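Coordinates from entry_38.txt are shown below (compact mmCIF, C-alpha atoms).
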```txt
# COMPACT_ATOMS: atom_id res chain seq x y z
CA MET A 24 109.01 26.21 -18.21
CA LEU A 25 105.83 28.18 -17.60
CA GLY A 26 105.88 31.92 -17.82
CA LEU A 27 104.73 34.17 -14.98
CA GLY A 28 101.48 34.89 -16.79
CA ALA A 29 100.77 31.19 -17.24
CA ILE A 30 101.40 30.52 -13.51
CA PHE A 31 99.09 33.39 -12.61
CA PHE A 32 96.47 32.03 -14.98
CA LEU A 33 96.81 28.54 -13.48
CA ILE A 34 96.38 29.85 -9.93
CA LEU A 35 93.37 31.89 -11.05
CA LEU A 36 91.88 28.81 -12.71
CA ILE A 37 92.39 26.58 -9.64
CA SER A 38 91.03 29.30 -7.30
CA SER A 39 88.00 29.79 -9.52
CA ALA A 40 87.43 26.04 -9.60
CA VAL A 41 87.65 25.81 -5.78
CA VAL A 42 85.27 28.76 -5.37
CA GLY A 43 82.97 27.23 -7.95
CA VAL A 44 82.94 23.86 -6.17
CA LEU A 45 82.26 25.60 -2.83
CA ILE A 46 79.38 27.59 -4.31
CA TRP A 47 78.01 24.44 -5.93
CA LEU A 48 78.24 22.54 -2.60
CA GLY A 49 76.50 25.45 -0.87
CA VAL A 50 73.72 25.49 -3.47
CA VAL A 51 73.28 21.70 -3.19
CA GLN A 52 73.19 21.91 0.62
CA ALA A 53 70.72 24.81 0.53
CA ARG A 54 68.51 22.88 -1.91
CA LYS A 55 68.68 19.77 0.31
CA ASN A 56 67.73 21.87 3.34
CA ARG A 57 64.88 23.47 1.45
CA GLU A 58 63.59 20.07 0.35
CA ARG A 59 63.98 18.62 3.87
CA ARG A 60 62.11 21.59 5.34
CA ALA A 61 59.37 21.37 2.73
CA ALA A 62 58.98 17.63 3.44
CA LEU A 63 58.93 18.26 7.21
CA ALA A 64 56.41 21.09 6.83
CA ALA A 65 54.19 18.90 4.61
CA ARG A 66 54.41 15.96 7.03
CA MET A 67 53.60 18.15 10.05
CA THR A 68 50.81 20.13 8.43
CA ALA A 69 49.26 16.84 7.28
CA LYS A 70 49.04 15.92 10.96
CA GLY A 71 47.31 19.21 11.72
CA TYR A 72 50.34 20.94 13.26
CA ALA A 73 51.80 24.32 12.33
CA TYR A 74 55.33 24.82 10.98
CA ALA A 75 57.74 27.75 10.81
CA PRO A 76 61.30 27.52 9.45
CA GLN A 77 62.74 29.68 12.25
CA ASP A 78 61.95 31.95 15.19
CA PRO A 79 64.77 33.96 16.81
CA THR A 80 62.74 34.53 20.01
CA ARG A 81 62.84 30.80 20.78
CA ALA A 82 66.65 30.76 20.97
CA ASP A 83 66.40 32.40 24.40
CA LEU A 84 63.19 30.78 25.62
CA PHE A 85 64.93 28.98 28.54
CA ARG A 86 67.79 29.78 30.89
CA SER A 87 68.66 26.17 31.70
CA THR A 88 70.96 23.80 29.81
CA PRO A 89 71.36 23.56 26.83
CA PHE A 90 70.31 27.22 26.52
CA GLY A 91 72.46 30.20 27.45
CA SER A 92 75.77 28.77 26.20
CA GLY A 93 77.92 29.74 23.21
CA ASP A 94 76.88 32.08 20.41
CA SER A 95 75.07 32.02 17.04
CA ARG A 96 72.06 30.53 18.81
CA ARG A 97 69.28 29.52 16.44
CA ALA A 98 65.87 27.96 16.77
CA THR A 99 64.75 26.36 13.51
CA ASP A 100 62.09 23.95 12.23
CA LEU A 101 59.45 24.96 14.75
CA VAL A 102 56.45 22.68 14.95
CA TRP A 103 53.52 23.39 17.25
CA GLY A 104 50.00 22.25 17.74
CA ALA A 105 47.89 20.17 20.08
CA LEU A 106 47.95 16.47 20.84
CA ASN A 107 44.64 15.20 22.25
CA GLY A 108 43.75 18.84 22.81
CA ARG A 109 46.93 19.56 24.81
CA PRO A 110 49.36 22.12 23.35
CA PHE A 111 53.04 21.53 22.62
CA GLU A 112 55.94 22.97 20.63
CA THR A 113 59.18 21.49 19.36
CA PHE A 114 62.15 23.01 17.55
CA ALA A 115 65.75 22.33 16.59
CA TYR A 116 68.13 24.39 18.69
CA THR A 117 71.71 25.10 17.62
CA TYR A 118 74.56 27.07 19.12
CA GLU A 119 78.29 27.34 18.51
CA THR A 120 81.31 27.29 20.82
CA HIS A 121 84.87 28.15 19.85
CA THR A 122 88.27 26.96 20.98
CA THR A 123 91.70 28.24 20.01
CA ASP A 124 94.69 25.88 20.04
CA SER A 125 98.30 26.78 20.96
CA LYS A 126 99.01 27.75 17.32
CA GLY A 127 96.14 30.20 17.35
CA HIS A 128 93.84 28.13 15.12
CA ARG A 129 90.22 28.81 15.98
CA GLN A 130 87.94 25.80 15.89
CA THR A 131 84.15 26.08 15.95
CA THR A 132 81.92 23.33 17.33
CA THR A 133 78.20 23.30 16.53
CA HIS A 134 75.94 21.88 19.24
CA ARG A 135 72.53 20.59 18.21
CA TYR A 136 69.53 19.74 20.37
CA GLN A 137 65.90 18.91 19.78
CA ILE A 138 63.71 20.83 22.23
CA THR A 139 60.13 19.87 23.04
CA TRP A 140 58.05 21.78 25.57
CA ILE A 141 54.56 22.12 26.98
CA PRO A 142 53.04 24.92 29.06
CA LEU A 143 52.27 24.60 32.77
CA PRO A 144 49.21 26.36 34.24
CA ALA A 145 51.18 27.65 37.25
CA ALA A 146 54.80 28.73 37.64
CA LEU A 147 57.10 26.35 39.50
CA PRO A 148 60.66 26.85 40.79
CA THR A 149 63.33 25.83 38.29
CA MET A 150 64.05 22.10 38.43
CA ARG A 151 66.58 20.25 36.27
CA PHE A 152 66.84 16.53 35.66
CA THR A 153 70.07 15.47 34.00
CA ALA A 154 71.55 12.05 33.42
CA ASP A 155 73.62 11.02 36.42
CA ASN A 156 77.17 9.77 35.95
CA ALA A 157 80.40 9.26 37.89
CA VAL A 158 81.46 12.92 37.52
CA MET A 159 78.06 14.16 38.71
CA ARG A 160 78.19 11.78 41.69
CA LEU A 161 81.65 13.11 42.57
CA PHE A 162 80.30 16.68 42.45
CA ALA A 163 77.37 15.58 44.63
CA LYS A 164 79.80 14.14 47.19
CA MET A 165 81.61 17.49 47.20
CA GLY A 166 78.39 19.23 48.15
CA ALA A 167 76.60 19.88 44.85
CA LYS A 168 72.85 19.56 45.30
CA ASP A 169 71.17 16.36 44.13
CA LEU A 170 67.70 15.49 45.39
CA GLN A 171 67.51 11.86 46.47
CA VAL A 172 64.31 9.83 46.46
CA GLU A 173 63.36 6.41 47.78
CA SER A 174 64.31 4.70 44.50
CA HIS A 175 67.97 3.70 44.21
CA GLU A 176 67.53 3.15 40.46
CA PHE A 177 66.22 6.69 40.04
CA ASN A 178 69.04 8.16 42.15
CA GLN A 179 71.59 6.34 40.00
CA ARG A 180 69.98 7.45 36.76
CA TRP A 181 69.07 11.07 37.40
CA LYS A 182 70.74 14.05 38.97
CA VAL A 183 68.00 16.37 40.19
CA TRP A 184 68.59 20.01 41.04
CA CYS A 185 65.84 22.30 42.30
CA GLU A 186 65.82 25.93 43.36
CA ASP A 187 63.64 24.96 46.31
CA ASP A 188 64.09 21.50 47.88
CA ARG A 189 60.63 21.45 49.45
CA THR A 190 58.92 21.97 46.09
CA GLY A 191 61.40 19.55 44.50
CA HIS A 192 60.31 16.73 46.81
CA ALA A 193 56.66 17.70 46.29
CA VAL A 194 57.13 17.33 42.52
CA LEU A 195 58.94 14.00 42.87
CA THR A 196 55.87 11.85 43.47
CA PRO A 197 56.33 8.06 43.36
CA THR A 198 54.46 7.96 40.03
CA LEU A 199 56.68 10.67 38.52
CA VAL A 200 59.78 8.78 39.69
CA GLU A 201 58.38 5.63 38.08
CA SER A 202 57.58 7.51 34.84
CA LEU A 203 61.14 8.84 34.58
CA LEU A 204 62.53 5.31 34.74
CA ALA A 205 60.89 4.47 31.39
CA PRO A 206 63.45 3.51 28.69
CA GLY A 207 62.40 6.45 26.47
CA TRP A 208 63.96 8.89 28.93
CA TYR A 209 67.48 7.49 28.40
CA GLY A 210 69.73 10.21 26.97
CA ARG A 211 67.18 12.94 27.62
CA GLY A 212 67.17 15.90 29.97
CA LEU A 213 64.10 17.41 31.60
CA VAL A 214 63.62 20.97 32.81
CA ILE A 215 60.83 22.71 34.69
CA GLU A 216 61.25 26.47 34.36
CA GLY A 217 58.50 28.84 35.41
CA ARG A 218 55.43 27.88 33.41
CA LEU A 219 57.26 25.62 30.97
CA LEU A 220 58.09 21.91 31.06
CA MET A 221 60.79 21.04 28.54
CA THR A 222 62.76 18.01 27.42
CA TYR A 223 65.88 18.05 25.26
CA VAL A 224 67.93 15.46 23.47
CA SER A 225 71.27 15.82 21.73
CA GLY A 226 71.06 16.10 17.93
CA HIS A 227 68.20 17.10 15.65
CA THR A 228 65.55 14.43 15.15
CA ASP A 229 63.19 13.81 12.21
CA LEU A 230 60.26 14.17 14.66
CA SER A 231 59.08 10.62 14.03
CA ASP A 232 58.85 10.23 17.83
CA LEU A 233 57.13 13.60 18.39
CA GLU A 234 53.83 12.18 19.67
CA SER A 235 55.50 9.81 22.13
CA VAL A 236 57.76 12.60 23.46
CA VAL A 237 54.81 14.96 23.93
CA GLY A 238 52.84 12.09 25.51
CA ALA A 239 55.71 11.43 27.93
CA LEU A 240 55.86 15.14 28.83
CA TYR A 241 52.13 15.14 29.60
CA GLN A 242 52.61 11.98 31.67
CA ILE A 243 55.10 13.99 33.78
CA PHE A 244 52.64 16.90 33.85
CA ASP A 245 49.88 14.60 35.17
CA ASP A 246 52.24 13.12 37.77
CA ILE A 247 52.91 16.56 39.29
CA PRO A 248 50.50 16.98 42.24
CA ALA A 249 47.41 19.00 41.33
CA PHE A 250 47.99 21.56 44.10
CA LEU A 251 51.36 22.47 42.54
CA ARG A 252 49.86 22.74 39.07
CA GLY A 253 47.34 25.20 40.46
CA ALA A 254 44.50 22.83 39.58
CA MET B 25 113.22 19.10 63.35
CA LEU B 26 111.12 19.05 66.51
CA GLU B 27 109.67 22.44 65.56
CA ILE B 28 108.48 21.13 62.20
CA PHE B 29 106.94 18.12 63.92
CA LEU B 30 105.14 20.38 66.41
CA ILE B 31 103.88 22.64 63.60
CA ILE B 32 102.50 19.61 61.74
CA ILE B 33 100.80 18.34 64.91
CA PHE B 34 99.35 21.80 65.57
CA ALA B 35 98.11 22.09 61.97
CA LEU B 36 96.47 18.67 62.20
CA ILE B 37 94.75 19.66 65.46
CA VAL B 38 93.48 22.91 63.89
CA ILE B 39 92.14 20.98 60.85
CA ALA B 40 90.45 18.43 63.14
CA VAL B 41 88.84 21.18 65.25
CA LEU B 42 87.61 23.04 62.16
CA TRP B 43 86.18 19.83 60.72
CA ALA B 44 84.46 19.03 64.07
CA ILE B 45 82.86 22.50 64.16
CA SER B 46 81.68 22.15 60.57
CA ALA B 47 80.29 18.63 61.22
CA TYR B 48 78.52 19.80 64.40
CA ASN B 49 76.97 22.81 62.64
CA GLY B 50 75.89 20.59 59.74
CA LEU B 51 74.12 18.21 62.13
CA VAL B 52 72.40 21.11 63.94
CA ARG B 53 71.22 22.52 60.59
CA LEU B 54 69.85 19.14 59.56
CA ARG B 55 68.10 18.58 62.89
CA ASN B 56 66.41 21.98 62.57
CA LEU B 57 65.41 21.18 59.00
CA VAL B 58 63.86 17.87 60.14
CA GLN B 59 61.93 19.69 62.88
CA GLU B 60 60.75 22.38 60.47
CA ALA B 61 59.68 19.76 57.92
CA TRP B 62 57.74 17.93 60.64
CA ARG B 63 55.95 21.13 61.67
CA GLN B 64 54.93 21.63 58.04
CA ILE B 65 53.43 18.12 57.96
CA ASP B 66 51.65 18.91 61.21
CA VAL B 67 50.03 21.97 59.60
CA GLU B 68 48.79 19.88 56.67
CA LEU B 69 47.52 17.12 58.98
CA GLN B 70 45.65 19.74 61.02
CA ARG B 71 44.06 20.93 57.78
CA ARG B 72 43.04 17.35 57.01
CA HIS B 73 41.57 16.85 60.50
CA ASP B 74 39.62 20.14 60.22
CA LEU B 75 37.87 18.91 57.06
CA ILE B 76 36.55 15.71 58.62
CA PRO B 77 33.77 17.09 60.91
CA ASN B 78 32.20 18.84 57.90
CA LEU B 79 32.47 15.64 55.88
CA VAL B 80 30.85 13.58 58.65
CA GLU B 81 28.03 16.15 58.98
CA THR B 82 27.38 16.08 55.24
CA VAL B 83 27.26 12.27 55.14
CA LYS B 84 25.01 12.25 58.23
CA GLY B 85 22.45 14.31 56.30
CA TYR B 86 22.04 11.48 53.76
CA ALA B 87 23.13 8.35 55.61
CA GLY B 88 22.43 9.06 59.28
CA HIS B 89 21.80 5.41 60.06
CA GLU B 90 25.38 4.44 59.08
CA LYS B 91 26.22 5.29 62.69
CA SER B 92 29.11 2.87 63.31
CA THR B 93 31.06 4.07 60.25
CA LEU B 94 30.54 7.73 61.17
CA GLU B 95 31.57 7.11 64.78
CA GLU B 96 34.63 5.22 63.63
CA VAL B 97 35.75 8.21 61.57
CA THR B 98 35.03 10.67 64.40
CA GLN B 99 36.94 8.55 66.90
CA ALA B 100 39.92 8.02 64.59
CA ARG B 101 39.98 11.77 63.86
CA THR B 102 39.95 12.64 67.60
CA ILE B 103 42.89 10.31 68.29
CA ALA B 104 44.87 11.54 65.27
CA ALA B 105 44.28 15.21 66.12
CA ALA B 106 45.51 14.81 69.71
CA PRO B 107 48.84 16.63 70.09
CA GLY B 108 52.16 15.25 71.26
CA SER B 109 52.56 12.16 69.06
CA THR B 110 55.89 11.08 67.63
CA PRO B 111 56.09 10.67 63.82
CA GLY B 112 55.75 6.89 64.22
CA GLN B 113 52.66 7.16 66.45
CA GLN B 114 51.15 9.85 64.22
CA ALA B 115 51.67 7.64 61.16
CA GLN B 116 49.78 4.78 62.83
CA GLN B 117 46.91 7.08 63.83
CA GLU B 118 46.74 8.54 60.32
CA ASN B 119 46.60 5.04 58.82
CA VAL B 120 43.64 4.17 61.07
CA LEU B 121 41.93 7.43 60.03
CA THR B 122 42.63 6.75 56.33
CA GLN B 123 41.05 3.30 56.62
CA ALA B 124 38.00 4.73 58.40
CA LEU B 125 37.64 7.40 55.69
CA GLY B 126 37.93 4.68 53.05
CA ARG B 127 34.96 2.88 54.63
CA LEU B 128 33.04 6.18 54.78
CA PHE B 129 33.55 6.79 51.06
CA ALA B 130 32.58 3.18 50.34
CA VAL B 131 29.33 3.81 52.22
CA ALA B 132 28.79 7.03 50.22
CA GLU B 133 28.86 4.98 47.01
CA ALA B 134 25.46 3.53 47.98
CA TYR B 135 23.87 7.02 48.15
CA PRO B 136 23.71 8.66 44.70
CA ASP B 137 22.22 11.87 46.14
CA LEU B 138 25.14 12.18 48.54
CA LYS B 139 27.67 11.52 45.77
CA ALA B 140 26.07 14.26 43.69
CA ASN B 141 26.00 16.72 46.60
CA GLN B 142 28.11 19.77 45.75
CA ASN B 143 29.39 20.19 49.29
CA PHE B 144 30.38 16.51 49.52
CA MET B 145 32.21 16.65 46.20
CA GLU B 146 34.04 19.82 47.25
CA LEU B 147 35.06 18.27 50.58
CA GLN B 148 36.24 15.12 48.83
CA ARG B 149 38.32 17.20 46.41
CA GLU B 150 39.75 19.28 49.25
CA LEU B 151 40.61 16.13 51.20
CA THR B 152 42.46 14.64 48.22
CA ASN B 153 44.30 17.91 47.76
CA THR B 154 45.30 17.99 51.44
CA GLU B 155 46.44 14.36 51.32
CA ASP B 156 48.65 15.27 48.33
CA ARG B 157 50.14 18.09 50.41
CA VAL B 158 50.74 15.71 53.33
CA ALA B 159 52.43 13.26 50.94
CA ALA B 160 54.63 16.06 49.54
CA GLY B 161 55.59 17.19 53.06
CA ARG B 162 56.27 13.57 54.04
CA ARG B 163 58.70 13.12 51.14
CA PHE B 164 60.61 16.26 52.12
CA TYR B 165 60.62 15.27 55.81
CA ASN B 166 61.77 11.70 55.08
CA ALA B 167 64.51 12.95 52.73
CA ASN B 168 65.90 15.10 55.55
CA VAL B 169 65.55 12.23 58.05
CA ARG B 170 67.45 9.99 55.62
CA THR B 171 70.26 12.55 55.39
CA ILE B 172 70.61 13.08 59.15
CA ASN B 173 70.38 9.34 59.87
CA THR B 174 73.12 8.64 57.33
CA LYS B 175 75.33 11.27 58.96
CA VAL B 176 74.60 9.97 62.48
CA GLU B 177 75.51 6.43 61.47
CA THR B 178 78.46 6.92 59.14
CA PHE B 179 82.07 7.52 60.10
CA PRO B 180 83.49 10.06 60.90
CA THR B 181 80.42 12.28 61.57
CA SER B 182 79.10 9.52 63.88
CA ILE B 183 81.83 10.54 66.37
CA ILE B 184 80.49 14.10 66.61
CA ALA B 185 76.88 12.82 66.65
CA ASN B 186 77.64 10.50 69.59
CA MET B 187 79.58 13.19 71.46
CA PHE B 188 76.77 15.75 71.24
CA GLY B 189 73.75 13.47 71.53
CA PHE B 190 72.46 13.52 67.96
CA HIS B 191 70.35 10.44 67.30
CA ARG B 192 68.43 8.74 64.52
CA GLU B 193 65.20 10.52 63.63
CA GLU B 194 61.95 8.67 63.04
CA TYR B 195 60.53 8.33 59.51
CA PHE B 196 56.92 9.28 58.88
CA GLU B 197 55.55 6.34 56.93
CA VAL B 198 51.89 6.31 56.10
CA GLU B 199 49.99 4.26 53.56
CA ASP B 200 50.28 6.19 50.35
CA GLN B 201 47.58 5.21 47.88
CA ALA B 202 49.26 7.23 45.12
CA ALA B 203 52.50 5.29 45.59
CA ARG B 204 50.70 2.06 44.85
CA GLN B 205 49.17 3.29 41.60
CA ALA B 206 51.48 2.10 38.86
CA PRO B 207 51.74 4.75 36.14
CA ASN B 208 50.79 3.86 32.61
CA VAL B 209 54.26 4.29 31.12
CA GLN B 210 54.55 3.81 27.37
CA PHE B 211 57.65 5.88 26.61
```
Please rewrite the model in this file as structure tokens.
Amino acid sequence: MLGLGAIFFLILLISSAVVGVLIWLGVVQARKNRERRAALAARMTAKGYAYAPQDPTRADLFRSTPFGSGDSRRATDLVWGALNGRPFETFAYTYETHTTDSKGHRQTTTHRYQITWIPLPAALPTMRFTADNAVMRLFAKMGAKDLQVESHEFNQRWKVWCEDDRTGHAVLTPTLVESLLAPGWYGRGLVIEGRLLMTYVSGHTDLSDLESVVGALYQIFDDIPAFLRGA
Amino acid sequence: MLEIFLIIIFALIVIAVLWAISAYNGLVRLRNLVQEAWRQIDVELQRRHDLIPNLVETVKGYAGHEKSTLEEVTQARTIAAAPGSTPGQQAQQENVLTQALGRLFAVAEAYPDLKANQNFMELQRELTNTEDRVAAGRRFYNANVRTINTKVETFPTSIIANMFGFHREEYFEVEDQAARQAPNVQF
């Protein structure tokens, strides 16, 4: 039989071990993050782009999805520069949502997105392109706005919402519709908000596809009629 | 028992009347939207037609002997600018004008001085810009026409449409050069 002191000592030992393991895991994770960031920064600066580990102002850059939800919003791993002389910026965006079950246990979910955006020379009404699905189509039947174009494939694939329908149809040129049917747009969302054109994808990427994403954004930019771009 | 039956019948009639009012108002709203969208196209077409005399005058200064091409454009412009055409008729007239303008620009290719003329370049740019605006207005107009035509033809709104004389609207379909240009998609 163990004495009270021995039990206390055992509990203290186990607790210390658990705390120690947690601290060690934290240190390992922090070191991994530091190394990943250093590698990313080196890779991006080698390409002539700039890098910053975080920028709190970017966490509220947009009002549209996926921005504006949850709390603990963070914008990290910012990369910006110019591709063929045309500016862009990308960053990892994270926010948290919380749910509480019937027993009162609070569960936190972390949502991660990779945001890439380019500037527009003139402000346009907000326009959102999200992947269409059965639920969205049901909402559309119940009266939710969804701009339809002359391409059935496009209508099936995208749900398009615009503050102003007239401008929405002006933006949706046949070439833009064709561009958005490219395979690379699967799983992505697209937002026009004021003077910004942004695309987002779920999860944080290693930015290996950065140039093709920025290129696709500029393809959309070029497809928008010149009179809307203020050209 | 009879009372309950009568209440149900009355409730069904009220629901049907409310639905009919809502369907009728929806069709009126759409018809007005189609008319407004058409007027917007008309404004842009007017803008296009107003640019052509200046363009013809500029070309005349360099290629005055290309009389038949210049007359073709002037004639097509006069017909297209005449008021009172339906969207279908207007589309046909605009297509003729577009073809005539195409021939005019082909002629201009043979005159380097004309191509380099500042006024000509500005008019060409303005014309392209206006054609983009017409195309944008056309997409909005046709989207509204598609919506009202679907409502006029599909059950049960077709009942209200037939009762109150709503009919299919005409699409405005012109040759859209931009639509034929396949984008260079590599994504």
Inset, instruction - Give me the residues within 8 Å of Ser87 (chain A) as a PyMOL selection string, counting only C-alpha atoms and dropping any in the same chain fewer than 4 places off. - result: chain A and resi 91+151+214+216
Inset, instruction - Between B:Asp74, B:Asp156, B:Glu60, B:Glu194, single out the one closest to chain A, counting all atoms listed in the file. - result: B:Asp156
Cut-off 8 Å: closest chain A/chain B atom pairs per residue, using all atoms listed in the file, as a Markdown table:
```
| residue | atom | partner | partner_atom | distance |
| --- | --- | --- | --- | --- |
| A:Gln171 | CA | B:Ala167 | CA | 7.0 |
| A:Val172 | CA | B:Ala167 | CA | 7.0 |
| A:Asp188 | CA | B:Phe164 | CA | 7.6 |
| A:Arg189 | CA | B:Phe164 | CA | 5.8 |
| A:His192 | CA | B:Phe164 | CA | 5.3 |
| A:Ala193 | CA | B:Ala160 | CA | 4.2 |
| A:Val194 | CA | B:Ala160 | CA | 7.6 |
| A:Thr196 | CA | B:Ala160 | CA | 7.5 |
| A:Pro197 | CA | B:Ala203 | CA | 5.2 |
| A:Thr198 | CA | B:Pro207 | CA | 5.7 |
| A:Glu201 | CA | B:Pro207 | CA | 7.0 |
| A:Ser202 | CA | B:Val209 | CA | 5.9 |
| A:Ala205 | CA | B:Phe211 | CA | 5.9 |
| A:Pro206 | CA | B:Phe211 | CA | 6.6 |
| A:Gly207 | CA | B:Phe211 | CA | 4.8 |
| A:Trp208 | CA | B:Phe211 | CA | 7.4 |
| A:Ser235 | CA | B:Phe211 | CA | 6.3 |
| A:Val236 | CA | B:Phe211 | CA | 7.4 |
| A:Gly238 | CA | B:Phe211 | CA | 7.9 |
| A:Ala239 | CA | B:Phe211 | CA | 6.0 |
| A:Gln242 | CA | B:Val209 | CA | 7.9 |
| A:Pro248 | CA | B:Asp156 | CA | 6.6 |
| A:Ala249 | CA | B:Asn153 | CA | 7.2 |
| A:Phe250 | CA | B:Asn153 | CA | 6.4 |
```
Legend entry - Contacts of region 77-89 of chain B at 9 Å (only C-alpha atoms; same-chain gap of 2+ positions) as a ChimeraX atom specification: /B:73-75,91-92,94-95,97-98,101,128,131-132,135,137-138,141,143-144,147-148
Legend entry - Interatomic distance, CA of Leu125 (chain B) to CA of Glu96 (chain B) (Å, one decimal): 8.8 Å
Inset, instruction - List the neighbours of region 119-125 of chain A out to 9 Å using only C-alpha atoms; skip same-chain residues closer than 6 positions along the sequence, and give me the result as an MDAnalysis selection string. - result: chainID A and resid 92:96 131:135
Write out as AutoDock Vina command-line options an axis-aligned box for region 81-89 of chain A: all of its atoms listed in the file, 3 Å added on each side, centre and edge lengths in Å with one decimal.
```
--center_x 67.1 --center_y 28.0 --center_z 26.2 --size_x 14.5 --size_y 14.8 --size_z 16.9
```
